Amino acid sequence: MDCELCNFDSPRIIKQYPYWILSAAAQTPLGWMHAMLKRHAEFFDELTQEELAELKEVVGEARAALKKTFKPDWFNLTQLGNTCRHLHVNLIPRYKEKREFAEKEFVDESFGGGVSSEEIDEEMVGKVRGEVKG
């Protein structure tokens, strides 16, 4: 298996934890971070109780630091795996207004927006419910 996040080593690493690595991501929006599991796993339900507890600590510490430093208006927390199937969580600070940092201006152009979606009718909800309940 060729996984770019297994044995991750980068100057973007902010802090190492026993189970997780906190790393700076692309800075649009400002302060975006990844928490990456040190061992290879692909889905959230594969986490041990210890890894899950530590993830809460990692996210809490990162969120507190971002609140103090950049004062975001909101946070998004996601685990997607679309581009890399190694479990990592995105902590994305969101901003109503522009921020300036390190002589650069950062604008969160999609603040308040979300992923485009389509409404579904009751029949479709019933079919999904039937499949999930088994």
# chains A, B, ... in the order shown; residues from 1 in each chain; ligands from 1
call {"tool": "residues_around", "arguments": {"residues": "A:Ile92", "least_positions_apart": "2", "cutoff": "10 Å", "atoms": "only C-alpha atoms", "output": "number ranges by chain"}}
result
A: 25, 27-34, 63, 66, 72, 74-78, 89-90, 94-95
call {"tool": "select_by_dssp", "arguments": {"residues": "chain A", "states": "alpha helix (DSSP H)", "output": "PyMOL selection string"}}
result
chain A and resi 49-70+122-133
call {"tool": "atom_distance", "arguments": {"atom1": "atom CA of A:Val59", "atom2": "atom CA of A:Phe8"}}
result
18.7 Å
call {"tool": "atom_distance", "arguments": {"atom1": "atom CA of A:Pro93", "atom2": "atom CA of A:Lys38"}}
result
23.2 Å
call {"tool": "atom_distance", "arguments": {"atom1": "atom CA of A:Trp20", "atom2": "atom CA of A:Lys67"}}
result
20.8 Å
call {"tool": "residues_around", "arguments": {"residues": "A:Ala41", "least_positions_apart": "4", "cutoff": "7 Å", "atoms": "only C-alpha atoms", "output": "list in words"}}
result
Glu46, His86 and Leu87 of chain A
call {"tool": "residues_around", "arguments": {"residues": "A:Lys15", "least_positions_apart": "6", "cutoff": "10 Å", "atoms": "only C-alpha atoms", "output": "PyMOL selection string"}}
result
chain A and resi 21-24+35+58+62
call {"tool": "write_last_selection", "arguments": {"atoms": "C-alpha atoms", "output": "short mmCIF file (atom, residue, chain, number, x, y, z; two decimals), in the first residue's frame"}}
result
data_model
loop_
_atom_site.label_atom_id
_atom_site.label_comp_id
_atom_site.auth_asym_id
_atom_site.auth_seq_id
_atom_site.Cartn_x
_atom_site.Cartn_y
_atom_site.Cartn_z
CA ILE A 21 -0.06 14.27 14.38
CA LEU A 22 -1.35 17.85 14.19
CA SER A 23 -0.27 19.54 10.98
CA ALA A 24 -0.90 22.82 9.18
CA ALA A 35 -5.14 15.76 12.74
CA VAL A 58 -6.04 17.26 19.85
CA ALA A 62 -5.99 23.18 18.30
#
call {"tool": "closest_residue", "arguments": {"among": "A:Asp73, A:Leu37, A:Leu80, A:Gly113", "to": "A:Glu97", "atoms": "only C-alpha atoms"}}
result
A:Asp73
